[in-house]
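Asks: Below is target.txt; it holds compact mmCIF, C-alpha atoms.
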```
# COMPACT_ATOMS: atom_id res chain seq x y z
CA MET A 44 23.61 -56.92 -11.71
CA HIS A 45 24.02 -53.24 -12.14
CA GLY A 46 23.02 -50.57 -9.73
CA PRO A 47 24.80 -48.14 -7.52
CA LYS A 48 27.53 -49.64 -5.38
CA ASN A 49 27.46 -47.16 -2.54
CA LEU A 50 24.30 -45.27 -1.87
CA PRO A 51 24.06 -43.62 1.53
CA LYS A 52 22.56 -46.11 3.99
CA SER A 53 20.16 -43.65 5.52
CA LEU A 54 19.29 -40.10 4.61
CA ASP A 55 19.96 -37.13 6.81
CA VAL A 56 17.19 -36.49 9.39
CA ARG A 57 17.12 -32.82 8.45
CA LEU A 58 15.68 -33.83 5.08
CA ILE A 59 12.02 -34.32 4.25
CA SER A 60 10.62 -37.75 5.11
CA LEU A 61 6.96 -37.25 4.33
CA LEU A 62 4.98 -36.01 1.37
CA SER A 63 1.29 -35.25 1.79
CA ILE A 64 -0.99 -33.92 -0.91
CA ARG A 65 -4.44 -32.85 0.28
CA GLY A 66 -7.32 -31.99 -2.02
CA ALA A 67 -5.08 -30.82 -4.83
CA ALA A 68 -6.57 -29.28 -7.97
CA VAL A 69 -4.67 -27.90 -10.96
CA ARG A 70 -6.03 -25.74 -13.75
CA ARG A 71 -4.07 -25.40 -16.98
CA GLY A 72 -5.11 -23.04 -19.72
CA GLY A 73 -8.58 -22.54 -18.21
CA ARG A 74 -9.26 -26.31 -18.02
CA LEU A 75 -9.50 -28.09 -14.66
CA LEU A 76 -7.16 -31.09 -15.00
CA PHE A 77 -8.05 -32.77 -11.72
CA GLU A 78 -9.40 -31.92 -8.31
CA GLY A 79 -9.61 -33.50 -4.87
CA VAL A 80 -6.39 -35.49 -5.27
CA SER A 81 -4.94 -36.65 -1.95
CA LEU A 82 -1.90 -38.79 -1.25
CA GLU A 83 0.47 -39.58 1.62
CA LEU A 84 3.94 -40.90 0.99
CA ALA A 85 6.23 -41.84 3.90
CA ALA A 86 9.94 -42.65 3.87
CA GLY A 87 10.64 -45.85 1.92
CA GLU A 88 7.39 -45.70 -0.05
CA ALA A 89 6.72 -45.35 -3.76
CA CYS A 90 3.54 -44.42 -5.59
CA VAL A 91 2.77 -44.39 -9.30
CA LEU A 92 0.42 -41.95 -10.97
CA THR A 93 -1.57 -43.46 -13.81
CA GLY A 94 -4.18 -42.08 -16.14
CA PRO A 95 -4.71 -41.25 -19.81
CA ASN A 96 -2.71 -38.60 -21.68
CA GLY A 97 -3.63 -35.13 -20.55
CA SER A 98 -5.01 -36.23 -17.19
CA GLY A 99 -2.49 -34.05 -15.35
CA LYS A 100 0.18 -36.51 -14.18
CA THR A 101 3.02 -34.21 -15.18
CA SER A 102 1.23 -31.17 -13.73
CA LEU A 103 0.81 -32.94 -10.38
CA LEU A 104 4.52 -33.77 -10.28
CA ARG A 105 5.37 -30.17 -11.14
CA ALA A 106 2.96 -28.92 -8.48
CA VAL A 107 4.70 -31.07 -5.86
CA ALA A 108 8.00 -29.54 -7.01
CA GLY A 109 6.48 -26.08 -6.55
CA LEU A 110 6.77 -25.23 -10.25
CA VAL A 111 3.01 -25.13 -10.90
CA ARG A 112 0.49 -23.30 -8.74
CA LEU A 113 -2.30 -25.33 -7.18
CA GLU A 114 -5.82 -24.10 -7.84
CA ALA A 115 -6.91 -25.63 -4.53
CA GLY A 116 -5.49 -27.89 -1.82
CA GLU A 117 -1.97 -28.07 -0.53
CA VAL A 118 1.29 -29.97 -0.66
CA GLY A 119 3.10 -30.55 2.65
CA PHE A 120 6.46 -32.05 3.53
CA GLY A 121 5.94 -33.03 7.15
CA GLY A 122 6.50 -29.57 8.55
CA VAL A 123 9.43 -28.63 6.28
CA ASP A 124 8.89 -25.30 4.52
CA PRO A 125 7.98 -26.02 0.86
CA ALA A 126 10.64 -23.51 -0.24
CA ASP A 127 13.30 -25.55 1.63
CA ALA A 128 11.82 -28.84 0.40
CA ARG A 129 12.68 -27.82 -3.16
CA GLY A 130 16.31 -28.46 -2.36
CA ASP A 131 15.38 -31.96 -1.17
CA LEU A 132 13.78 -33.36 -4.30
CA HIS A 133 14.77 -34.41 -7.80
CA LEU A 134 12.60 -34.07 -10.89
CA VAL A 135 13.34 -36.10 -14.02
CA GLY A 136 11.05 -35.51 -16.98
CA HIS A 137 10.96 -35.28 -20.75
CA ALA A 138 12.71 -31.92 -20.75
CA ASP A 139 15.92 -33.13 -19.14
CA GLY A 140 17.78 -29.81 -19.03
CA LEU A 141 20.84 -31.25 -20.78
CA LYS A 142 22.66 -28.97 -23.23
CA ALA A 143 23.29 -30.71 -26.56
CA ALA A 144 26.55 -28.87 -27.24
CA ARG A 145 28.19 -29.73 -23.91
CA THR A 146 29.84 -33.02 -23.01
CA ALA A 147 28.17 -35.51 -20.70
CA ARG A 148 30.98 -34.91 -18.21
CA GLU A 149 30.47 -31.12 -18.18
CA GLU A 150 26.75 -31.55 -17.67
CA LEU A 151 27.06 -34.21 -14.95
CA THR A 152 29.72 -32.15 -13.15
CA PHE A 153 27.64 -29.00 -13.21
CA TRP A 154 24.44 -30.65 -12.00
CA THR A 155 26.34 -32.53 -9.29
CA ARG A 156 27.78 -29.26 -7.95
CA TRP A 157 24.43 -27.52 -8.31
CA GLY A 158 22.72 -30.32 -6.37
CA GLY A 159 25.36 -30.21 -3.65
CA GLY A 160 26.91 -33.62 -4.48
CA THR A 161 30.52 -34.66 -4.07
CA ASP A 162 33.08 -35.71 -6.69
CA ALA A 163 33.07 -39.22 -5.22
CA ALA A 164 29.28 -39.46 -5.53
CA GLN A 165 29.53 -38.22 -9.11
CA ARG A 166 32.04 -40.96 -9.99
CA GLU A 167 29.86 -43.61 -8.38
CA ALA A 168 26.78 -42.34 -10.20
CA ALA A 169 28.60 -42.47 -13.56
CA GLU A 170 29.74 -46.04 -12.83
CA ALA A 171 26.31 -47.15 -11.60
CA LEU A 172 24.67 -46.04 -14.84
CA GLU A 173 27.61 -47.21 -17.00
CA LEU A 174 28.22 -43.72 -18.33
CA VAL A 175 31.99 -43.70 -17.90
CA PRO A 176 32.81 -44.50 -21.58
CA LEU A 177 30.31 -41.84 -22.73
CA LEU A 178 31.47 -38.95 -20.55
CA ASP A 179 33.59 -37.24 -23.21
CA LEU A 180 30.84 -37.30 -25.84
CA GLU A 181 28.67 -34.28 -26.53
CA VAL A 182 25.13 -34.80 -25.27
CA ARG A 183 23.85 -34.56 -28.87
CA ARG A 184 25.75 -37.79 -29.70
CA LEU A 185 23.97 -39.79 -27.00
CA SER A 186 20.97 -42.01 -27.77
CA ALA A 187 17.67 -41.29 -26.04
CA GLY A 188 18.32 -44.08 -23.54
CA GLN A 189 21.89 -42.93 -22.80
CA ARG A 190 20.64 -39.40 -22.35
CA ARG A 191 18.01 -40.59 -19.89
CA ARG A 192 20.68 -42.51 -17.97
CA LEU A 193 22.69 -39.30 -17.74
CA ALA A 194 19.61 -37.48 -16.41
CA LEU A 195 19.06 -40.24 -13.85
CA ALA A 196 22.74 -40.21 -12.84
CA ARG A 197 22.25 -36.65 -11.57
CA MET A 198 19.93 -38.01 -8.88
CA LEU A 199 22.58 -40.41 -7.56
CA ALA A 200 25.37 -37.84 -7.78
CA ALA A 201 23.51 -35.46 -5.46
CA PRO A 202 21.32 -37.65 -3.20
CA ARG A 203 17.96 -36.18 -2.22
CA PRO A 204 15.10 -38.05 -0.51
CA LEU A 205 12.18 -37.40 -2.88
CA TRP A 206 12.30 -38.46 -6.53
CA LEU A 207 9.64 -37.13 -8.88
CA LEU A 208 9.86 -39.16 -12.08
CA ASP A 209 7.92 -38.47 -15.27
CA GLU A 210 7.90 -41.59 -17.47
CA PRO A 211 11.37 -42.54 -16.27
CA LEU A 212 11.48 -45.88 -18.09
CA SER A 213 10.19 -44.94 -21.53
CA PRO A 214 13.51 -44.55 -23.41
CA LEU A 215 15.29 -47.33 -21.49
CA ASP A 216 15.86 -50.85 -22.87
CA ALA A 217 14.79 -53.97 -20.97
CA ARG A 218 18.16 -54.39 -19.28
CA TRP A 219 18.19 -50.82 -18.02
CA ARG A 220 14.57 -50.93 -16.90
CA GLU A 221 15.66 -53.69 -14.57
CA GLY A 222 18.86 -51.86 -13.69
CA PHE A 223 16.98 -48.73 -12.78
CA GLY A 224 14.55 -50.90 -10.80
CA ALA A 225 17.46 -51.99 -8.63
CA ILE A 226 18.53 -48.37 -8.20
CA MET A 227 15.00 -47.38 -7.15
CA ARG A 228 14.88 -50.27 -4.63
CA ARG A 229 18.14 -49.05 -3.07
CA HIS A 230 16.74 -45.55 -2.85
CA LEU A 231 13.59 -46.79 -1.09
CA ASP A 232 15.55 -49.07 1.24
CA GLY A 233 17.63 -46.06 2.26
CA GLY A 234 14.48 -44.18 3.31
CA GLY A 235 13.82 -42.38 0.03
CA MET A 236 10.45 -41.69 -1.59
CA ILE A 237 9.38 -42.01 -5.23
CA LEU A 238 6.39 -40.49 -6.98
CA ALA A 239 6.31 -41.48 -10.64
CA ALA A 240 3.99 -40.87 -13.58
CA VAL A 241 3.94 -44.03 -15.68
CA HIS A 242 2.11 -45.95 -18.37
CA ASP A 243 4.01 -49.22 -17.79
CA PRO A 244 4.29 -50.61 -14.25
CA LEU A 245 7.44 -49.80 -12.31
CA PRO A 246 9.74 -52.72 -11.40
CA VAL A 247 9.34 -51.93 -7.68
CA ALA A 248 6.41 -52.51 -5.33
CA THR A 249 4.23 -49.42 -5.36
CA ARG A 250 0.85 -48.07 -4.56
CA SER A 251 -0.96 -46.38 -7.37
CA LEU A 252 -3.18 -43.37 -7.83
CA GLU A 253 -5.29 -42.95 -10.93
CA LEU A 254 -6.02 -39.54 -12.33
CA THR A 255 -9.07 -39.40 -14.55
CA ALA A 256 -9.36 -36.89 -17.33
CA MET B 126 29.55 -21.18 -2.69
CA SER B 127 30.63 -24.05 -4.93
CA ARG B 128 27.11 -24.01 -6.38
CA LEU B 129 27.45 -20.40 -7.48
CA ALA B 130 30.99 -20.94 -8.76
CA ALA B 131 29.74 -23.85 -10.87
CA LEU B 132 26.83 -21.75 -12.14
CA ILE B 133 28.94 -18.78 -13.19
CA ALA B 134 31.35 -21.11 -15.03
CA ARG B 135 28.39 -22.71 -16.82
CA GLU B 136 26.73 -19.40 -17.68
CA THR B 137 29.94 -17.87 -18.99
CA THR B 138 30.72 -20.84 -21.24
CA LEU B 139 27.11 -21.00 -22.47
CA ALA B 140 27.04 -17.26 -23.17
CA TRP B 141 30.42 -17.59 -24.86
CA GLY B 142 29.02 -20.22 -27.18
CA ARG B 143 25.63 -18.55 -27.67
CA GLY B 144 25.41 -16.89 -31.08
CA GLY B 145 29.13 -17.43 -31.69
CA GLY B 146 30.29 -15.69 -28.52
CA PRO B 147 32.21 -12.48 -27.98
CA LEU B 148 33.98 -12.58 -31.34
CA VAL B 149 30.69 -12.40 -33.22
CA ALA B 150 29.42 -9.66 -30.87
CA LEU B 151 32.67 -7.75 -31.46
CA GLY B 152 32.35 -8.31 -35.21
CA PHE B 153 28.79 -7.00 -35.13
CA TYR B 154 29.97 -4.05 -33.08
CA ALA B 155 32.71 -3.27 -35.60
CA GLY B 156 30.16 -3.66 -38.40
CA VAL B 157 27.76 -1.10 -36.93
CA ALA B 158 30.64 1.29 -36.19
CA THR B 159 31.78 1.01 -39.82
CA PHE B 160 28.27 1.39 -41.16
CA LEU B 161 27.69 4.82 -39.62
CA PRO B 162 30.39 6.77 -41.48
CA LEU B 163 29.21 5.16 -44.71
CA ALA B 164 25.65 6.28 -44.03
CA ILE B 165 26.51 9.75 -42.70
CA GLY B 166 29.34 10.68 -45.02
CA PRO B 167 33.10 10.88 -44.56
CA GLN B 168 33.48 14.49 -43.32
CA HIS B 169 35.90 14.17 -40.42
CA ASP B 170 34.42 16.94 -38.26
CA ARG B 171 30.93 15.59 -38.42
CA LEU B 172 32.07 12.05 -37.66
CA ALA B 173 34.29 13.10 -34.76
CA SER B 174 31.39 14.91 -33.14
CA ILE B 175 29.22 11.79 -33.16
CA ALA B 176 32.00 9.23 -32.59
CA THR B 177 31.36 8.48 -28.93
CA GLY B 178 27.58 8.48 -29.43
CA ALA B 179 27.90 6.06 -32.32
CA ALA B 180 30.08 3.78 -30.20
CA TRP B 181 27.32 3.77 -27.55
CA VAL B 182 24.59 2.88 -30.03
CA ALA B 183 26.72 0.09 -31.45
CA LEU B 184 27.41 -1.19 -27.94
CA ALA B 185 23.71 -1.26 -27.03
CA LEU B 186 22.83 -3.14 -30.23
CA ALA B 187 25.66 -5.64 -29.82
CA SER B 188 24.57 -6.28 -26.22
CA LEU B 189 21.08 -7.13 -27.47
CA LEU B 190 22.43 -9.87 -29.73
CA SER B 191 23.18 -12.59 -27.24
CA LEU B 192 20.58 -11.50 -24.71
CA GLU B 193 17.76 -13.24 -26.51
CA ARG B 194 18.71 -16.80 -25.56
CA MET B 195 19.81 -16.05 -22.01
CA PHE B 196 16.75 -17.67 -20.36
CA GLU B 197 15.04 -19.07 -23.46
CA ARG B 198 17.27 -22.14 -23.85
CA ASP B 199 17.10 -23.11 -20.20
CA TYR B 200 13.34 -22.61 -20.34
CA GLU B 201 12.90 -24.79 -23.43
CA ASP B 202 15.09 -27.70 -22.39
CA GLY B 203 13.91 -27.87 -18.76
CA ALA B 204 17.13 -26.66 -17.15
CA LEU B 205 15.28 -23.69 -15.65
CA ASP B 206 13.05 -26.13 -13.71
CA LEU B 207 16.11 -27.84 -12.28
CA LEU B 208 17.82 -24.54 -11.48
CA MET B 209 14.74 -23.65 -9.43
CA LEU B 210 14.90 -26.93 -7.47
CA SER B 211 17.70 -25.73 -5.26
CA PRO B 212 18.32 -24.08 -1.93
CA VAL B 213 19.76 -21.16 -3.94
CA PRO B 214 17.08 -18.44 -4.30
CA LEU B 215 16.03 -17.89 -7.91
CA GLU B 216 16.92 -14.20 -7.59
CA LEU B 217 20.54 -15.10 -6.87
CA THR B 218 20.54 -17.58 -9.75
CA CYS B 219 19.33 -14.82 -12.10
CA LEU B 220 22.01 -12.44 -10.80
CA VAL B 221 24.71 -15.00 -11.49
CA LYS B 222 23.30 -15.69 -14.98
CA CYS B 223 23.53 -11.98 -15.81
CA ALA B 224 27.06 -11.78 -14.42
CA GLY B 225 28.05 -14.67 -16.69
CA GLN B 226 26.43 -12.93 -19.63
CA TRP B 227 28.36 -9.74 -18.88
CA LEU B 228 31.68 -11.58 -18.45
CA ALA B 229 31.28 -13.32 -21.80
CA THR B 230 30.01 -10.41 -23.91
CA GLY B 231 29.88 -7.08 -22.03
CA ALA B 232 33.49 -7.11 -20.88
CA PRO B 233 34.99 -7.95 -24.32
CA LEU B 234 32.77 -5.28 -25.91
CA ALA B 235 34.02 -2.70 -23.41
CA LEU B 236 37.56 -3.42 -24.61
CA GLY B 237 36.44 -2.80 -28.19
CA ALA B 238 34.56 0.44 -27.42
CA PRO B 239 37.55 2.83 -27.28
CA VAL B 240 38.96 1.30 -30.46
CA ALA B 241 35.70 1.88 -32.34
CA ALA B 242 35.36 5.45 -31.02
CA ILE B 243 38.91 6.37 -31.98
CA ALA B 244 38.44 4.81 -35.41
CA LEU B 245 35.46 7.12 -35.88
CA GLY B 246 37.62 10.12 -34.98
CA ALA B 247 37.21 10.55 -31.21
CA ASP B 248 40.13 12.06 -29.29
CA PRO B 249 42.37 9.17 -28.05
CA ALA B 250 42.59 10.97 -24.68
CA LEU B 251 38.96 9.95 -24.18
CA SER B 252 39.67 6.23 -24.33
CA PRO B 253 40.04 5.50 -20.57
CA LEU B 254 36.70 7.16 -19.88
CA ILE B 255 35.07 5.45 -22.87
CA PHE B 256 36.31 2.12 -21.53
CA ALA B 257 35.03 2.85 -18.01
CA CYS B 258 31.64 4.00 -19.33
CA ALA B 259 31.33 0.96 -21.58
CA LEU B 260 32.18 -1.33 -18.66
CA LEU B 261 29.46 0.20 -16.45
CA GLY B 262 27.04 0.52 -19.37
CA GLY B 263 27.58 -3.15 -20.19
CA ILE B 264 26.60 -4.13 -16.64
CA ALA B 265 23.41 -2.08 -16.96
CA PHE B 266 22.68 -3.60 -20.39
CA ALA B 267 23.17 -7.16 -19.10
CA PHE B 268 20.98 -6.76 -16.00
CA VAL B 269 18.25 -4.68 -17.62
CA GLY B 270 18.40 -6.90 -20.69
CA GLY B 271 17.90 -9.96 -18.51
CA ILE B 272 14.52 -8.56 -17.44
CA GLY B 273 13.45 -8.32 -21.08
CA ALA B 274 14.77 -11.80 -21.82
CA ALA B 275 12.87 -13.28 -18.86
CA LEU B 276 9.65 -11.38 -19.65
CA SER B 277 9.60 -12.63 -23.24
CA LEU B 278 9.92 -16.31 -22.20
CA GLY B 279 7.56 -18.51 -24.14
CA ALA B 280 6.67 -15.80 -26.67
CA ARG B 281 7.11 -16.39 -30.39
CA ARG B 282 9.88 -14.21 -31.84
CA GLY B 283 11.04 -13.69 -28.26
CA GLY B 284 14.23 -11.96 -29.42
CA LEU B 285 12.32 -9.19 -31.13
CA LEU B 286 10.07 -8.77 -28.10
CA THR B 287 13.15 -8.60 -25.87
CA ALA B 288 14.54 -5.76 -27.99
CA VAL B 289 11.25 -3.83 -27.85
CA ILE B 290 11.04 -4.20 -24.06
CA VAL B 291 14.68 -3.47 -23.41
CA LEU B 292 15.65 -0.64 -25.78
CA PRO B 293 13.74 2.07 -23.84
CA LEU B 294 15.48 0.88 -20.67
CA PHE B 295 18.85 1.25 -22.44
CA VAL B 296 18.19 4.98 -22.90
CA PRO B 297 19.29 6.29 -19.45
CA PRO B 298 22.77 4.71 -19.49
CA VAL B 299 23.28 5.96 -23.05
CA ILE B 300 22.31 9.51 -22.01
CA PHE B 301 24.38 9.51 -18.80
CA GLY B 302 27.44 7.92 -20.40
CA GLY B 303 27.21 10.01 -23.57
CA GLY B 304 26.81 13.17 -21.48
CA ALA B 305 29.84 12.36 -19.36
CA LEU B 306 31.95 11.77 -22.47
CA ALA B 307 30.75 14.93 -24.24
CA ASN B 308 31.49 17.04 -21.16
CA PHE B 309 34.90 15.46 -20.72
CA ALA B 310 35.74 16.16 -24.37
CA GLY B 311 34.57 19.76 -23.96
CA GLY B 312 36.53 20.30 -20.76
CA LEU B 313 33.37 20.54 -18.66
CA PRO B 314 32.62 18.71 -15.36
CA TRP B 315 31.80 15.12 -16.29
CA THR B 316 31.66 13.26 -12.98
CA ALA B 317 27.91 13.77 -12.48
CA GLY B 318 26.97 11.89 -15.67
CA PHE B 319 29.45 9.17 -14.83
CA ALA B 320 28.06 8.86 -11.30
CA PHE B 321 24.51 8.60 -12.65
CA LEU B 322 25.66 5.87 -15.01
CA GLY B 323 27.18 4.01 -12.08
CA ALA B 324 24.00 4.47 -10.05
CA TYR B 325 21.86 3.13 -12.90
CA ALA B 326 24.11 0.08 -13.23
CA ALA B 327 23.98 -0.51 -9.46
CA ALA B 328 20.19 -0.21 -9.44
CA ALA B 329 19.96 -2.66 -12.35
CA VAL B 330 22.09 -5.18 -10.43
CA ALA B 331 19.99 -4.68 -7.29
CA PHE B 332 16.48 -4.78 -8.76
CA GLY B 333 16.90 -6.62 -12.07
CA PRO B 334 17.20 -10.10 -10.51
CA LEU B 335 13.94 -9.61 -8.54
CA ALA B 336 12.07 -8.85 -11.75
CA MET B 337 13.76 -11.68 -13.66
CA ALA B 338 12.94 -14.24 -10.96
CA ALA B 339 9.29 -13.15 -10.89
CA ALA B 340 9.09 -13.35 -14.69
CA CYS B 341 10.66 -16.85 -14.71
CA ARG B 342 8.25 -18.13 -12.05
CA ASN B 343 5.35 -16.72 -13.99
CA ALA B 344 6.52 -18.31 -17.25
CA LEU B 345 6.86 -21.75 -15.65
CA SER B 346 3.64 -21.92 -13.66
```
Written as C-alpha cells, how would this file's structure read?
Replies:
Amino acid sequence: MHGPKNLPKSLDVRLISLLSIRGAAVRRGGRLLFEGVSLELAAGEACVLTGPNGSGKTSLLRAVAGLVRLEAGEVGFGGVDPADARGDLHLVGHADGLKAARTAREELTFWTRWGGGTDAAQREAAEALELVPLLDLEVRRLSAGQRRRLALARMLAAPRPLWLLDEPLSPLDARWREGFGAIMRRHLDGGGMILAAVHDPLPVATRSLELTA
Amino acid sequence: MSRLAALIARETTLAWGRGGGPLVALGFYAGVATFLPLAIGPQHDRLASIATGAAWVALALASLLSLERMFERDYEDGALDLLMLSPVPLELTCLVKCAGQWLATGAPLALGAPVAAIALGADPALSPLIFACALLGGIAFAFVGGIGAALSLGARRGGLLTAVIVLPLFVPPVIFGGGALANFAGGLPWTAGFAFLGAYAAAAVAFGPLAMAAACRNALS
C-alpha cells in the first residue's frame, strides 16, 4: 500500500477548521454560471462538486480560494479572515504551476519553502508519491500522471487543512487513484477538509453537490 | 523569510533563463550600441556627443526584452494562483519578482553600460557615474516595467503592449540620468539630476508593487 508514512496526526488549532459557502453566485464573461450555492464543510469532511462541463465547478473552487470574485453570497472560514485563510489551503488544478525547464526537485523544493513546509516533510512527500527516482528529471520529461503526482506532493510537503482539487484523478492510473485515495483518507482522518470537482467518484466517502448549467 | 529567499532564488534563475538570460540582453545591448554609429555616421565628435545618450537608449531597450514574460509565464501555467495562496502579501511577492528580474538582467547590463559608452567615444572618466546611473536606472526600469508586464497579462502580443505602456514611463530616468551625465561631462553641477534619478527609482520600488499586485488580481478574477 502506498500513501504517506507520516502525516501530522492533527492539524494546528490556529488553522481553519470550517468552510461555509452561503448563497454563492459567480458570473464569468457576462454569463451567470450558478447562483444560490450553499455548502458547509467541517474538519474531516469531504465534498465533491459534480455537474456538466461549464457549470462552474472550477470557478467555485477558485472563488473559495479567493481568486475569483463572487457576484453574490459569501465564503467563510469559521471566523478566520479570508485573507489569512489563503495561507491555509491548497489548490491543485489543470494549470499546475510547474515550470517545464526546471527539475522536479527544484520545483518541489521551491513550493515546499513557499508553502512553509520543512525539508523532512518534503522528503516524505516525495517518498509517498514515489517521486524520488524522478526528482532529477526536468518537468517536461514527466508524463501527465507523474506531473500530477508532483503537483499533489506539494500538498503533503507543506500541510494545510483545506484541499481544493480540480479533477485530481484524471491523469492518474488505477493504482495511483487508489494510492491517492489513501492519502486523502489520511488527510481527512487528521482533521483536514477536501472540496473536489470531479466527473468520476472519489475513492473516499463524500457528500456531493451538483451544479447545474 | 525563507519564503522570500526561496522566491528570489526562483525569480533570478527564471529571469536568467528567460529569453537566454543576461548574455542575450548584453548581446542585444552591444548590438544597439554598434548600430547607432553605423546609422549616424563615423564622425568622432558627433558620436562622442551622443555616446552616453545612446548607451541609455540601448539600456532601456535591452531592459524591455526580458520584461515581457515576467508575469506572463506564471499567469499561463497557474503558478501565479499558487503564489497568491500564501500568507505573503501579493505586493511583496511582486517586489521580490522585480528584484529577481533586476539581479538577473539590470545588474549585468549596468556593468556593460560604461563599456558601450566608452566604445562610442565617451570620456572614460565618466564611467563610474555611467555605472551608477545605469544601476539606478535599471532598478527603475525593472519596477516600472513590471507594471506594464502585469497590466498586459492575458493580452495577445502582450510584449508589444508592455513596450507601449512602459516606454513613456522610461522617459524620466533617461532624462535625469542623461542630464546628470551631460552636466558632469561639461563640468557643471550634476548631483540634482542624479538625485532625481534616485528618487524616481525609489518611487518605482515603493509604488510599482502596489500597481502590479492590483493588475495581477484583476487579470486572475
Asks: Which residues of chain B come within 10 Å of chain A, and what is each one's closest atom pair and distance in Å (one decimal), counting only C-alpha atoms, sorted by chain and residue number, as a tab-separated table?
Replies:
```
residue	atom	partner	partner_atom	distance
B:Met126	CA	A:Arg156	CA	9.8
B:Ser127	CA	A:Arg156	CA	6.7
B:Arg128	CA	A:Trp157	CA	4.8
B:Leu129	CA	A:Trp157	CA	7.8
B:Ala130	CA	A:Arg156	CA	9.0
B:Ala131	CA	A:Phe153	CA	6.0
B:Leu132	CA	A:Trp157	CA	7.3
B:Ala134	CA	A:Phe153	CA	8.9
B:Arg135	CA	A:Phe153	CA	7.3
B:Thr138	CA	A:Arg145	CA	9.6
B:Leu139	CA	A:Arg145	CA	8.9
B:Gly142	CA	A:Ala144	CA	9.0
B:Arg198	CA	A:Lys142	CA	8.7
B:Asp199	CA	A:Gly140	CA	6.8
B:Tyr200	CA	A:Gly140	CA	8.6
B:Glu201	CA	A:Ala138	CA	7.6
B:Asp202	CA	A:Gly140	CA	4.8
B:Gly203	CA	A:Gly140	CA	4.3
B:Ala204	CA	A:Gly140	CA	3.7
B:Leu205	CA	A:Gly140	CA	7.4
B:Asp206	CA	A:Leu110	CA	7.2
B:Leu207	CA	A:Gly140	CA	7.2
B:Leu208	CA	A:Trp157	CA	7.9
B:Met209	CA	A:Arg129	CA	7.8
B:Leu210	CA	A:Arg129	CA	4.9
B:Ser211	CA	A:Gly130	CA	4.2
B:Pro212	CA	A:Gly130	CA	4.8
B:Val213	CA	A:Gly130	CA	8.2
B:Pro214	CA	A:Ala126	CA	9.1
B:Arg342	CA	A:Leu110	CA	7.5
B:Asn343	CA	A:Val111	CA	9.3
B:Ala344	CA	A:Leu110	CA	9.8
B:Leu345	CA	A:Leu110	CA	6.4
B:Ser346	CA	A:Val111	CA	4.3
```
Asks: How many Å lie between atom CA of Ala201 of chain A and atom CA of Ala239 of chain A, rounded to one decimal?
Replies: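 Atom CA of Ala239 of chain A lies at a distance of 18.9 Å from atom CA of Ala201 of chain A.
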Asks: From the options B:Ala173, B:Ala275, B:Ala288, B:Leu254, which residue's atoms come nearest to Leu236 of chain B, counting all atoms listed in the file?
Replies: B:Leu254
Asks: Name the residues within 12 Å of (20.2, -5.0, -6.8), counting only C-alpha atoms in the file's coordinates, and put them as a short mmCIF file (atom, residue, chain, number, x, y, z; two decimals) with C-alpha atoms, keeping the file's coordinate frame.
Replies:
```cif
data_model
loop_
_atom_site.label_atom_id
_atom_site.label_comp_id
_atom_site.auth_asym_id
_atom_site.auth_seq_id
_atom_site.Cartn_x
_atom_site.Cartn_y
_atom_site.Cartn_z
CA GLU B 216 16.92 -14.20 -7.59
CA LEU B 217 20.54 -15.10 -6.87
CA CYS B 219 19.33 -14.82 -12.10
CA LEU B 220 22.01 -12.44 -10.80
CA VAL B 221 24.71 -15.00 -11.49
CA CYS B 223 23.53 -11.98 -15.81
CA ILE B 264 26.60 -4.13 -16.64
CA ALA B 265 23.41 -2.08 -16.96
CA PHE B 268 20.98 -6.76 -16.00
CA VAL B 269 18.25 -4.68 -17.62
CA ALA B 324 24.00 4.47 -10.05
CA TYR B 325 21.86 3.13 -12.90
CA ALA B 326 24.11 0.08 -13.23
CA ALA B 327 23.98 -0.51 -9.46
CA ALA B 328 20.19 -0.21 -9.44
CA ALA B 329 19.96 -2.66 -12.35
CA VAL B 330 22.09 -5.18 -10.43
CA ALA B 331 19.99 -4.68 -7.29
CA PHE B 332 16.48 -4.78 -8.76
CA GLY B 333 16.90 -6.62 -12.07
CA PRO B 334 17.20 -10.10 -10.51
CA LEU B 335 13.94 -9.61 -8.54
CA ALA B 336 12.07 -8.85 -11.75
CA MET B 337 13.76 -11.68 -13.66
#
```
Asks: Grab the atom CA of Leu62 of chain A to atom CA of Leu84 of chain A distance for me, in Å with one decimal place.
Replies: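 So the answer is 5.0 Å.
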Asks: Interatomic distance between atom CA of Leu205 of chain A and atom CA of Leu61 of chain A?
Replies: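 That distance, rounded to one decimal, is 8.9 Å.
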Asks: In terms of the shortest atom-to-atom distance over all atoms listed in the file, which of B:Pro233, B:Gly263, B:Arg171, B:Gly271 is closest to Gly284 of chain B?
Replies: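 Checking each candidate against Gly284 of chain B, we get B:Gly271 as the closest.
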Asks: For segment 70-74 of chain A, take all atoms listed in the file, fit an axis-aligned box around them, add 3 Å to each of the six sides, then output centre and edge lengths in Å rounded to one decimal, as lines of an AutoDock Vina configuration file.
Replies:
```
center_x = -6.7
center_y = -24.4
center_z = -16.7
size_x = 11.2
size_y = 9.8
size_z = 12.0
```
Asks: Just checking: using all atoms listed in the file, which residue out of A:Thr146, A:Leu215, A:Ser186, A:Ala240 ends up closest to Lys100 of chain A?
Replies: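 The answer is A:Ala240, which sits nearest to Lys100 of chain A.
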Asks: Identify which of the residues A:Ala168, A:Ala147, A:Leu103, A:Leu178 lies closest to Val91 of chain A, counting all atoms listed in the file when measuring atom-to-atom distances.
Replies: A:Leu103
